[in-house]
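Chemist: Contents of input.pdb (PDB, C-alpha atoms and all ligand atoms) are below:
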ATOM      1  CA  MET L   1      22.133 -12.519  -8.145
ATOM      2  CA  VAL L   2      23.864  -9.388  -9.445
ATOM      3  CA  GLU L   3      26.798 -11.172 -11.101
ATOM      4  CA  ASP L   4      25.037 -14.287 -12.400
ATOM      5  CA  GLN L   5      21.652 -12.901 -13.402
ATOM      6  CA  LEU L   6      22.345  -9.264 -14.255
ATOM      7  CA  VAL L   7      25.955  -8.599 -15.294
ATOM      8  CA  ALA L   8      26.046 -11.884 -17.240
ATOM      9  CA  ARG L   9      22.969 -10.772 -19.237
ATOM     10  CA  GLY L  10      24.181  -7.328 -20.144
ATOM     11  CA  ILE L  11      23.101  -5.047 -17.318
ATOM     12  CA  THR L  12      25.944  -2.502 -17.371
ATOM     13  CA  ASP L  13      24.541   0.637 -15.698
ATOM     14  CA  ALA L  14      26.622   0.906 -12.516
ATOM     15  CA  ARG L  15      23.873   2.796 -10.664
ATOM     16  CA  VAL L  16      21.320   0.082 -11.488
ATOM     17  CA  LEU L  17      23.700  -2.679 -10.352
ATOM     18  CA  ASP L  18      24.382  -0.771  -7.140
ATOM     19  CA  ALA L  19      20.645  -0.329  -6.474
ATOM     20  CA  MET L  20      20.000  -4.031  -7.107
ATOM     21  CA  LEU L  21      22.815  -4.882  -4.704
ATOM     22  CA  HIS L  22      21.419  -2.698  -1.941
ATOM     23  CA  VAL L  23      17.634  -3.213  -2.035
ATOM     24  CA  PRO L  24      16.833  -6.250   0.183
ATOM     25  CA  ARG L  25      14.509  -8.247  -2.106
ATOM     26  CA  HIS L  26      13.668 -10.737   0.679
ATOM     27  CA  MET L  27      11.950  -7.913   2.609
ATOM     28  CA  PHE L  28       9.382  -7.508  -0.184
ATOM     29  CA  VAL L  29       8.123 -11.108  -0.414
ATOM     30  CA  ASP L  30       6.259 -13.313   2.089
ATOM     31  CA  ALA L  31       8.421 -14.771   4.846
ATOM     32  CA  ALA L  32       7.666 -18.248   3.460
ATOM     33  CA  LEU L  33       9.251 -17.275   0.122
ATOM     34  CA  ALA L  34      12.171 -15.286   1.532
ATOM     35  CA  SER L  35      14.661 -18.076   0.853
ATOM     36  CA  HIS L  36      13.682 -17.893  -2.857
ATOM     37  CA  ALA L  37      13.860 -14.102  -3.044
ATOM     38  CA  TYR L  38      17.170 -13.955  -4.972
ATOM     39  CA  GLN L  39      16.391 -16.695  -7.488
ATOM     40  CA  ASP L  40      16.110 -16.059 -11.210
ATOM     41  CA  SER L  41      12.311 -15.843 -11.427
ATOM     42  CA  SER L  42       9.187 -13.917 -10.609
ATOM     43  CA  LEU L  43       7.395 -14.929  -7.379
ATOM     44  CA  PRO L  44       3.768 -14.731  -6.197
ATOM     45  CA  ILE L  45       2.872 -11.728  -4.002
ATOM     46  CA  GLY L  46      -0.830 -12.504  -3.508
ATOM     47  CA  GLU L  47      -3.986 -11.358  -5.346
ATOM     48  CA  GLY L  48      -2.798 -13.334  -8.399
ATOM     49  CA  GLN L  49       0.084 -10.882  -8.918
ATOM     50  CA  THR L  50       3.863 -11.365  -9.018
ATOM     51  CA  ILE L  51       7.074  -9.581  -8.108
ATOM     52  CA  SER L  52       9.030  -9.318 -11.378
ATOM     53  CA  GLN L  53      12.161 -11.386 -12.035
ATOM     54  CA  PRO L  54      15.312  -9.498 -10.863
ATOM     55  CA  TYR L  55      16.657  -9.284 -14.442
ATOM     56  CA  MET L  56      13.412  -7.614 -15.674
ATOM     57  CA  VAL L  57      13.519  -5.066 -12.847
ATOM     58  CA  ALA L  58      17.135  -4.245 -13.713
ATOM     59  CA  LYS L  59      16.529  -4.194 -17.474
ATOM     60  CA  MET L  60      13.543  -1.839 -17.243
ATOM     61  CA  SER L  61      15.436   0.403 -14.832
ATOM     62  CA  GLN L  62      18.463   0.505 -17.151
ATOM     63  CA  LEU L  63      16.282   1.393 -20.161
ATOM     64  CA  LEU L  64      15.113   4.549 -18.352
ATOM     65  CA  ASN L  65      18.706   5.925 -18.276
ATOM     66  CA  LEU L  66      18.103   7.656 -14.949
ATOM     67  CA  GLU L  67      20.747  10.067 -13.626
ATOM     68  CA  GLY L  68      19.281  10.918 -10.233
ATOM     69  CA  HIS L  69      17.322  14.159 -10.765
ATOM     70  CA  GLU L  70      14.190  12.662 -12.355
ATOM     71  CA  ARG L  71      10.580  12.335 -11.235
ATOM     72  CA  VAL L  72       9.326   8.901 -12.285
ATOM     73  CA  LEU L  73       5.764   7.576 -12.632
ATOM     74  CA  GLU L  74       5.457   3.842 -11.957
ATOM     75  CA  ILE L  75       2.298   1.865 -12.742
ATOM     76  CA  GLY L  76       1.867  -1.411 -10.822
ATOM     77  CA  THR L  77       3.497  -0.955  -7.392
ATOM     78  CA  GLY L  78       2.861  -4.608  -6.476
ATOM     79  CA  CYS L  79       4.957  -5.343  -3.394
ATOM     80  CA  GLY L  80       7.053  -2.188  -3.915
ATOM     81  CA  TYR L  81      10.332  -3.854  -4.931
ATOM     82  CA  GLN L  82      10.734  -2.114  -8.302
ATOM     83  CA  THR L  83       9.636   1.108  -6.596
ATOM     84  CA  ALA L  84      12.480   0.707  -4.078
ATOM     85  CA  VAL L  85      15.033   0.134  -6.844
ATOM     86  CA  LEU L  86      13.783   3.197  -8.758
ATOM     87  CA  SER L  87      13.835   5.329  -5.619
ATOM     88  CA  ARG L  88      17.620   4.840  -5.429
ATOM     89  CA  LEU L  89      18.003   5.945  -9.054
ATOM     90  CA  CYS L  90      15.914   9.119  -9.236
ATOM     91  CA  ARG L  91      14.660  12.069  -7.161
ATOM     92  CA  ARG L  92      11.111  10.863  -6.531
ATOM     93  CA  VAL L  93       8.904   7.935  -7.544
ATOM     94  CA  TYR L  94       5.121   8.307  -7.909
ATOM     95  CA  SER L  95       3.728   4.773  -7.911
ATOM     96  CA  ILE L  96       0.157   3.613  -8.583
ATOM     97  CA  GLU L  97      -1.363   0.243  -7.650
ATOM     98  CA  ARG L  98      -5.000  -0.713  -8.357
ATOM     99  CA  ILE L  99      -5.344  -3.405  -5.631
ATOM    100  CA  PRO L 100      -5.716  -1.839  -2.136
ATOM    101  CA  SER L 101      -4.162  -4.731  -0.148
ATOM    102  CA  LEU L 102      -1.025  -4.685  -2.326
ATOM    103  CA  SER L 103      -0.725  -0.909  -2.144
ATOM    104  CA  GLU L 104      -0.903  -1.088   1.674
ATOM    105  CA  ARG L 105       1.647  -3.854   1.787
ATOM    106  CA  ALA L 106       4.015  -1.910  -0.475
ATOM    107  CA  ARG L 107       3.661   1.060   1.879
ATOM    108  CA  ARG L 108       4.719  -1.092   4.838
ATOM    109  CA  ASN L 109       7.582  -2.690   2.896
ATOM    110  CA  LEU L 110       8.930   0.637   1.673
ATOM    111  CA  ARG L 111       8.704   2.137   5.157
ATOM    112  CA  ALA L 112      10.557  -0.857   6.642
ATOM    113  CA  ALA L 113      13.255  -0.571   3.978
ATOM    114  CA  ARG L 114      13.422   3.225   4.653
ATOM    115  CA  HIS L 115      12.633   4.528   1.197
ATOM    116  CA  ALA L 116      11.341   8.050   1.781
ATOM    117  CA  ASN L 117      11.305   9.621  -1.699
ATOM    118  CA  VAL L 118       8.261   7.620  -2.796
ATOM    119  CA  MET L 119       4.602   8.587  -3.126
ATOM    120  CA  LEU L 120       2.036   5.784  -3.395
ATOM    121  CA  THR L 121      -1.600   5.816  -4.364
ATOM    122  CA  CYS L 122      -4.271   3.201  -4.912
ATOM    123  CA  ALA L 123      -5.982   4.066  -8.199
ATOM    124  CA  ASP L 124      -6.326   3.138 -11.860
ATOM    125  CA  GLY L 125      -2.842   3.653 -13.267
ATOM    126  CA  THR L 126      -4.033   3.739 -16.878
ATOM    127  CA  LEU L 127      -5.089   7.329 -16.116
ATOM    128  CA  GLY L 128      -1.603   8.299 -14.922
ATOM    129  CA  TRP L 129      -1.239  10.741 -12.007
ATOM    130  CA  LYS L 130      -2.224  14.124 -13.435
ATOM    131  CA  GLU L 131      -1.605  16.059 -10.227
ATOM    132  CA  TYR L 132       2.163  15.451 -10.394
ATOM    133  CA  ALA L 133       2.661  15.461 -14.187
ATOM    134  CA  PRO L 134       4.767  15.965 -16.209
ATOM    135  CA  PHE L 135       7.132  13.083 -15.435
ATOM    136  CA  ASP L 136      10.666  12.580 -16.752
ATOM    137  CA  ALA L 137      10.058   8.848 -17.078
ATOM    138  CA  VAL L 138       7.183   6.348 -16.945
ATOM    139  CA  LEU L 139       7.599   2.651 -16.133
ATOM    140  CA  ALA L 140       4.761   0.115 -16.234
ATOM    141  CA  ALA L 141       5.136  -3.292 -14.570
ATOM    142  CA  ALA L 142       1.932  -4.671 -16.120
ATOM    143  CA  GLY L 143       1.449  -5.412 -19.814
ATOM    144  CA  GLY L 144      -1.182  -4.072 -22.192
ATOM    145  CA  SER L 145      -1.921  -4.125 -25.909
ATOM    146  CA  GLU L 146      -1.639  -0.357 -26.232
ATOM    147  CA  VAL L 147       0.037   2.550 -24.491
ATOM    148  CA  PRO L 148      -2.548   4.576 -22.531
ATOM    149  CA  ASP L 149      -2.801   8.143 -23.919
ATOM    150  CA  ALA L 150      -2.527   9.598 -20.405
ATOM    151  CA  TRP L 151       1.000   8.229 -20.011
ATOM    152  CA  ILE L 152       2.167   9.924 -23.217
ATOM    153  CA  HIS L 153       0.446  13.195 -22.263
ATOM    154  CA  GLN L 154       1.949  13.131 -18.784
ATOM    155  CA  LEU L 155       5.488  12.472 -20.071
ATOM    156  CA  ARG L 156       7.605  15.595 -20.461
ATOM    157  CA  ASP L 157       9.148  16.439 -23.814
ATOM    158  CA  GLY L 158      12.377  14.407 -24.036
ATOM    159  CA  GLY L 159      11.041  11.870 -21.525
ATOM    160  CA  VAL L 160      11.210   8.075 -21.720
ATOM    161  CA  LEU L 161       8.484   5.437 -21.215
ATOM    162  CA  VAL L 162       9.169   1.715 -20.710
ATOM    163  CA  MET L 163       6.447  -0.959 -20.657
ATOM    164  CA  PRO L 164       5.608  -4.526 -21.690
ATOM    165  CA  LEU L 165       3.451  -4.306 -24.821
ATOM    166  CA  GLY L 166       1.354  -7.167 -26.184
ATOM    167  CA  SER L 167      -1.713  -9.290 -25.626
ATOM    168  CA  GLY L 168      -2.395 -12.148 -23.231
ATOM    169  CA  SER L 169       0.797 -13.041 -21.412
ATOM    170  CA  SER L 170       3.049 -12.530 -24.425
ATOM    171  CA  HIS L 171       4.757  -9.160 -24.342
ATOM    172  CA  VAL L 172       7.788  -7.338 -25.656
ATOM    173  CA  LEU L 173       9.561  -4.666 -23.675
ATOM    174  CA  ILE L 174       9.274  -1.335 -25.478
ATOM    175  CA  ARG L 175      10.835   2.059 -24.888
ATOM    176  CA  LEU L 176       9.199   5.223 -26.203
ATOM    177  CA  ARG L 177      10.941   8.595 -26.357
ATOM    178  CA  LYS L 178       8.876  11.752 -26.681
ATOM    179  CA  ARG L 179      10.470  14.346 -29.000
ATOM    180  CA  GLY L 180       7.959  17.156 -29.535
ATOM    181  CA  ALA L 181       5.083  15.665 -31.507
ATOM    182  CA  GLU L 182       7.194  12.657 -32.468
ATOM    183  CA  ILE L 183       7.296   9.340 -30.549
ATOM    184  CA  ILE L 184      10.313   7.121 -31.191
ATOM    185  CA  GLU L 185       9.785   3.425 -30.386
ATOM    186  CA  GLU L 186      12.407   0.754 -29.713
ATOM    187  CA  ARG L 187      11.793  -2.936 -28.926
ATOM    188  CA  PHE L 188      13.779  -5.123 -26.557
ATOM    189  CA  ASP L 189      13.273  -8.481 -24.775
ATOM    190  CA  ALA L 190      10.275 -10.779 -25.189
ATOM    191  CA  CYS L 191       8.724 -11.135 -21.737
ATOM    192  CA  THR L 192       5.679 -12.209 -19.722
ATOM    193  CA  PHE L 193       3.910  -9.805 -17.374
ATOM    194  CA  VAL L 194       0.614  -9.748 -15.515
ATOM    195  CA  PRO L 195      -2.042  -7.771 -17.425
ATOM    196  CA  LEU L 196      -2.667  -4.060 -17.093
ATOM    197  CA  ILE L 197      -6.323  -3.850 -16.000
ATOM    198  CA  ALA L 198      -8.265  -0.588 -16.229
ATOM    199  CA  GLY L 199     -10.199   0.476 -13.118
ATOM    200  CA  ARG L 200      -9.429   0.313  -9.413
ATOM    201  CA  GLY L 201      -9.456  -3.138  -7.779
ATOM    202  CA  ALA L 202     -11.552  -4.138  -4.759
TER
HETATM  203  N1  LIG L 301       6.999  -4.121  -9.856
HETATM  204  C1  LIG L 301       6.069  -4.885  -9.070
HETATM  205  C2  LIG L 301       5.370  -5.859  -9.985
HETATM  206  C3  LIG L 301       3.955  -6.072  -9.627
HETATM  207  S1  LIG L 301       3.022  -6.957 -10.817
HETATM  208  C4  LIG L 301       6.810  -5.536  -7.927
HETATM  209  O1  LIG L 301       8.031  -5.346  -7.854
HETATM  210  O2  LIG L 301       6.197  -6.181  -7.087
HETATM  211  C5  LIG L 301       2.140  -5.650 -11.589
HETATM  212  C6  LIG L 301       1.150  -4.915 -10.747
HETATM  213  O3  LIG L 301       0.407  -4.060 -11.613
HETATM  214  C7  LIG L 301       0.118  -5.779 -10.038
HETATM  215  O4  LIG L 301       0.238  -5.581  -8.663
HETATM  216  C8  LIG L 301      -1.225  -5.275 -10.574
HETATM  217  O5  LIG L 301      -2.245  -5.246  -9.599
HETATM  218  C9  LIG L 301      -0.863  -3.882 -11.040
HETATM  219  N2  LIG L 301      -1.768  -3.278 -12.026
HETATM  220  C10 LIG L 301      -2.373  -3.865 -13.099
HETATM  221  N3  LIG L 301      -3.140  -2.972 -13.741
HETATM  222  C11 LIG L 301      -3.042  -1.793 -13.059
HETATM  223  C12 LIG L 301      -3.606  -0.492 -13.221
HETATM  224  N4  LIG L 301      -4.469  -0.193 -14.202
HETATM  225  N5  LIG L 301      -3.262   0.472 -12.353
HETATM  226  C13 LIG L 301      -2.406   0.220 -11.315
HETATM  227  N6  LIG L 301      -1.841  -0.985 -11.112
HETATM  228  C14 LIG L 301      -2.144  -1.983 -11.966
END
Could you render the structure as structure tokens?
Modeler:
Amino acid sequence: MVEDQLVARGITDARVLDAMLHVPRHMFVDAALASHAYQDSSLPIGEGQTISQPYMVAKMSQLLNLEGHERVLEIGTGCGYQTAVLSRLCRRVYSIERIPSLSERARRNLRAARHANVMLTCADGTLGWKEYAPFDAVLAAAGGSEVPDAWIHQLRDGGVLVMPLGSGSSHVLIRLRKRGAEIIEERFDACTFVPLIAGRGA
């Protein structure tokens, strides 16, 4: 997976490659799908949601340029796989999931994989997590047509935000950098993500 899907497509950050090598992706999907865990695609995780393709997890992680000291806000915990990768790259991950059953499952997965520097909550991630702001980086694993104001407000000056931006299932990966009152935007890969939905799920 690391050589064929990541290095071959331009993932060069050695810390990201190391994290992708060490997080056991098969532990985050259903047992019935475990034999497909390392294939080049997203996979269903229940509730109509998906675990992102390995390349997308690596690409988004690389775009954050993490060094190890950061506090990162993640929106869309899903099964907790991206959370686990991030937790190896930064000091602490604060991850929000709107669907209670997925949030609980991510908690079990992350405990089993022994990732301790992670805080999870079940809430509407479009509001961010004010209590722990400001964050050095924000990563969203669900796509929306605009960047929620709360994420920009809760990003520290100099911080980086990565998300899929667009409508329907057609998105482009964007990176925003906050420099004082200025926001610098860059665009990367075209991609397909599940939608960012405001409000907590049932
Ligand atoms: N990185 C995850 C991908 C999960 S898919 C993984 O590795 O499994 C994206 C997730 O975003 C879904 O679980 C979906 O329920 C969640 N989501 C969508 N809108 C949300 C919101 N407003 N707040 C929190 N989570 C949200």
Chemist: Assuming the chain letters and numbering stay as they are in my file, what does the PyMOL selection byres (((chain L and resi 65) around 12) and not hetatm) actually select? List them as a PDB file with C-alpha atoms, in the coordinates of the input.
Modeler:
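Resulting contents of expr32.pdb:
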ATOM      1  CA  ILE L  11      23.101  -5.047 -17.318  1.00  0.00           C
ATOM      2  CA  THR L  12      25.944  -2.502 -17.371  1.00  0.00           C
ATOM      3  CA  ASP L  13      24.541   0.637 -15.698  1.00  0.00           C
ATOM      4  CA  ALA L  14      26.622   0.906 -12.516  1.00  0.00           C
ATOM      5  CA  ARG L  15      23.873   2.796 -10.664  1.00  0.00           C
ATOM      6  CA  VAL L  16      21.320   0.082 -11.488  1.00  0.00           C
ATOM      7  CA  ALA L  58      17.135  -4.245 -13.713  1.00  0.00           C
ATOM      8  CA  LYS L  59      16.529  -4.194 -17.474  1.00  0.00           C
ATOM      9  CA  MET L  60      13.543  -1.839 -17.243  1.00  0.00           C
ATOM     10  CA  SER L  61      15.436   0.403 -14.832  1.00  0.00           C
ATOM     11  CA  GLN L  62      18.463   0.505 -17.151  1.00  0.00           C
ATOM     12  CA  LEU L  63      16.282   1.393 -20.161  1.00  0.00           C
ATOM     13  CA  LEU L  64      15.113   4.549 -18.352  1.00  0.00           C
ATOM     14  CA  LEU L  66      18.103   7.656 -14.949  1.00  0.00           C
ATOM     15  CA  GLU L  67      20.747  10.067 -13.626  1.00  0.00           C
ATOM     16  CA  GLY L  68      19.281  10.918 -10.233  1.00  0.00           C
ATOM     17  CA  HIS L  69      17.322  14.159 -10.765  1.00  0.00           C
ATOM     18  CA  GLU L  70      14.190  12.662 -12.355  1.00  0.00           C
ATOM     19  CA  VAL L  72       9.326   8.901 -12.285  1.00  0.00           C
ATOM     20  CA  LEU L  86      13.783   3.197  -8.758  1.00  0.00           C
ATOM     21  CA  LEU L  89      18.003   5.945  -9.054  1.00  0.00           C
ATOM     22  CA  CYS L  90      15.914   9.119  -9.236  1.00  0.00           C
ATOM     23  CA  ASP L 136      10.666  12.580 -16.752  1.00  0.00           C
ATOM     24  CA  ALA L 137      10.058   8.848 -17.078  1.00  0.00           C
ATOM     25  CA  VAL L 138       7.183   6.348 -16.945  1.00  0.00           C
ATOM     26  CA  LEU L 139       7.599   2.651 -16.133  1.00  0.00           C
ATOM     27  CA  GLY L 159      11.041  11.870 -21.525  1.00  0.00           C
ATOM     28  CA  VAL L 160      11.210   8.075 -21.720  1.00  0.00           C
ATOM     29  CA  LEU L 161       8.484   5.437 -21.215  1.00  0.00           C
ATOM     30  CA  VAL L 162       9.169   1.715 -20.710  1.00  0.00           C
ATOM     31  CA  ARG L 175      10.835   2.059 -24.888  1.00  0.00           C
ATOM     32  CA  ARG L 177      10.941   8.595 -26.357  1.00  0.00           C
TER      33      ARG L 177
END
Chemist: Give me the residues within 9 Å of L:Leu165 as JSON, numbers by chain, counting all atoms listed in the file and dropping any in the same chain fewer than 4 places off.
Modeler: {"L": [142, 143, 144, 145, 146, 147, 170, 171, 172, 173, 174]}
Chemist: Give the residues close to ligand LIG 301 (chain L), within 9 Å, counting all atoms listed in the file; write them as a PyMOL selection string.
Modeler: chain L and resi 28-29+42-54+57+74-85+95-100+102-103+106+121-128+140-144+193-201
Chemist: Which residue, L:Leu33, L:Leu176, L:Pro164, L:Asp149, has the smallest gap to L:Ala190 when you use all atoms listed in the file?
Modeler: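 Between L:Leu33, L:Leu176, L:Pro164, L:Asp149, the residue approaching L:Ala190 most closely is L:Pro164.
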Chemist: Take every atom of stretch 57-70 of chain L listed in the file, fit an axis-aligned box around them, add 6 Å per side, and give the centre and edge lengths in Å to one decimal as JSON.
Modeler:
{"center_x": 17.1, "center_y": 4.5, "center_z": -15.2, "size_x": 19.2, "size_y": 31.2, "size_z": 21.9}
Chemist: Applied to the shown file, which residues does the PyMOL selection byres (((chain L and resi 23) around 9) and not hetatm) return, written as a ChimeraX atom specification?
Modeler: /L:18-22,24-27,81,84-85,88,113
Chemist: Report, in Å to a single decimal, how far apart atom CA of L:Phe188 and atom CA of L:Leu155 are.
Modeler: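 Computing the Euclidean distance for atom CA of L:Leu155 and atom CA of L:Phe188 yields 20.5 Å.
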Chemist: Counting only C-alpha atoms, which of L:Leu73, L:Met163, L:Val7, L:Ala150 gets nearest to L:Tyr132?
Modeler: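 Between L:Leu73, L:Met163, L:Val7, L:Ala150, the residue approaching L:Tyr132 most closely is L:Leu73.
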Chemist: Using only C-alpha atoms for the distances, tell me which of L:Arg187, L:Arg114, L:His36, L:Arg71 is nearest to L:Gly166.
Modeler: L:Arg187
Chemist: Go through L:Pro134, L:Val93, L:Arg156, L:Arg105 and flag the residue nearest L:Asp30, using all atoms listed in the file for the distances.
Modeler: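 Smallest distance to L:Asp30 is found for L:Arg105.
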Chemist: Atom CA of L:Arg92 and atom CA of L:Glu185 are how many Å apart?
Modeler: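 Taking atom CA of L:Arg92 and atom CA of L:Glu185, their separation equals 25.0 Å.
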Chemist: Could you state the separation of atom CA of L:Phe135 and atom CA of L:Cys191 in Å, given to one decimal place?
Modeler: 25.1 Å
Chemist: Where atoms are missing, can you supply N, CA and C atoms for stretch 172-185 of chain L and output the lot as a JSON list (two decimals), in the frame of the given file?
Modeler:
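Result written to part-v9.json:
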[["chain", "number", "residue", "atom", "x", "y", "z"],
["L", 172, "VAL", "N", 6.42, -7.74, -25.32],
["L", 172, "VAL", "CA", 7.79, -7.34, -25.66],
["L", 172, "VAL", "C", 8.02, -6.03, -24.91],
["L", 173, "LEU", "N", 9.24, -5.89, -24.41],
["L", 173, "LEU", "CA", 9.56, -4.67, -23.68],
["L", 173, "LEU", "C", 9.79, -3.55, -24.68],
["L", 174, "ILE", "N", 9.05, -2.45, -24.55],
["L", 174, "ILE", "CA", 9.27, -1.34, -25.48],
["L", 174, "ILE", "C", 9.73, -0.09, -24.72],
["L", 175, "ARG", "N", 10.46, 0.75, -25.44],
["L", 175, "ARG", "CA", 10.84, 2.06, -24.89],
["L", 175, "ARG", "C", 10.39, 3.13, -25.87],
["L", 176, "LEU", "N", 9.63, 4.10, -25.37],
["L", 176, "LEU", "CA", 9.20, 5.22, -26.20],
["L", 176, "LEU", "C", 9.92, 6.48, -25.73],
["L", 177, "ARG", "N", 10.35, 7.30, -26.69],
["L", 177, "ARG", "CA", 10.94, 8.60, -26.36],
["L", 177, "ARG", "C", 10.06, 9.66, -26.98],
["L", 178, "LYS", "N", 9.74, 10.67, -26.19],
["L", 178, "LYS", "CA", 8.88, 11.75, -26.68],
["L", 178, "LYS", "C", 9.76, 12.91, -27.13],
["L", 179, "ARG", "N", 9.70, 13.23, -28.43],
["L", 179, "ARG", "CA", 10.47, 14.35, -29.00],
["L", 179, "ARG", "C", 9.47, 15.27, -29.68],
["L", 180, "GLY", "N", 8.99, 16.28, -28.98],
["L", 180, "GLY", "CA", 7.96, 17.16, -29.54],
["L", 180, "GLY", "C", 6.73, 16.33, -29.86],
["L", 181, "ALA", "N", 6.28, 16.43, -31.11],
["L", 181, "ALA", "CA", 5.08, 15.66, -31.51],
["L", 181, "ALA", "C", 5.45, 14.24, -31.92],
["L", 182, "GLU", "N", 6.74, 13.97, -31.98],
["L", 182, "GLU", "CA", 7.19, 12.66, -32.47],
["L", 182, "GLU", "C", 7.41, 11.68, -31.31],
["L", 183, "ILE", "N", 7.05, 10.40, -31.54],
["L", 183, "ILE", "CA", 7.30, 9.34, -30.55],
["L", 183, "ILE", "C", 8.21, 8.31, -31.22],
["L", 184, "ILE", "N", 9.37, 8.09, -30.62],
["L", 184, "ILE", "CA", 10.31, 7.12, -31.19],
["L", 184, "ILE", "C", 10.21, 5.82, -30.39],
["L", 185, "GLU", "N", 9.97, 4.71, -31.08],
["L", 185, "GLU", "CA", 9.78, 3.42, -30.39],
["L", 185, "GLU", "C", 10.94, 2.47, -30.65]]
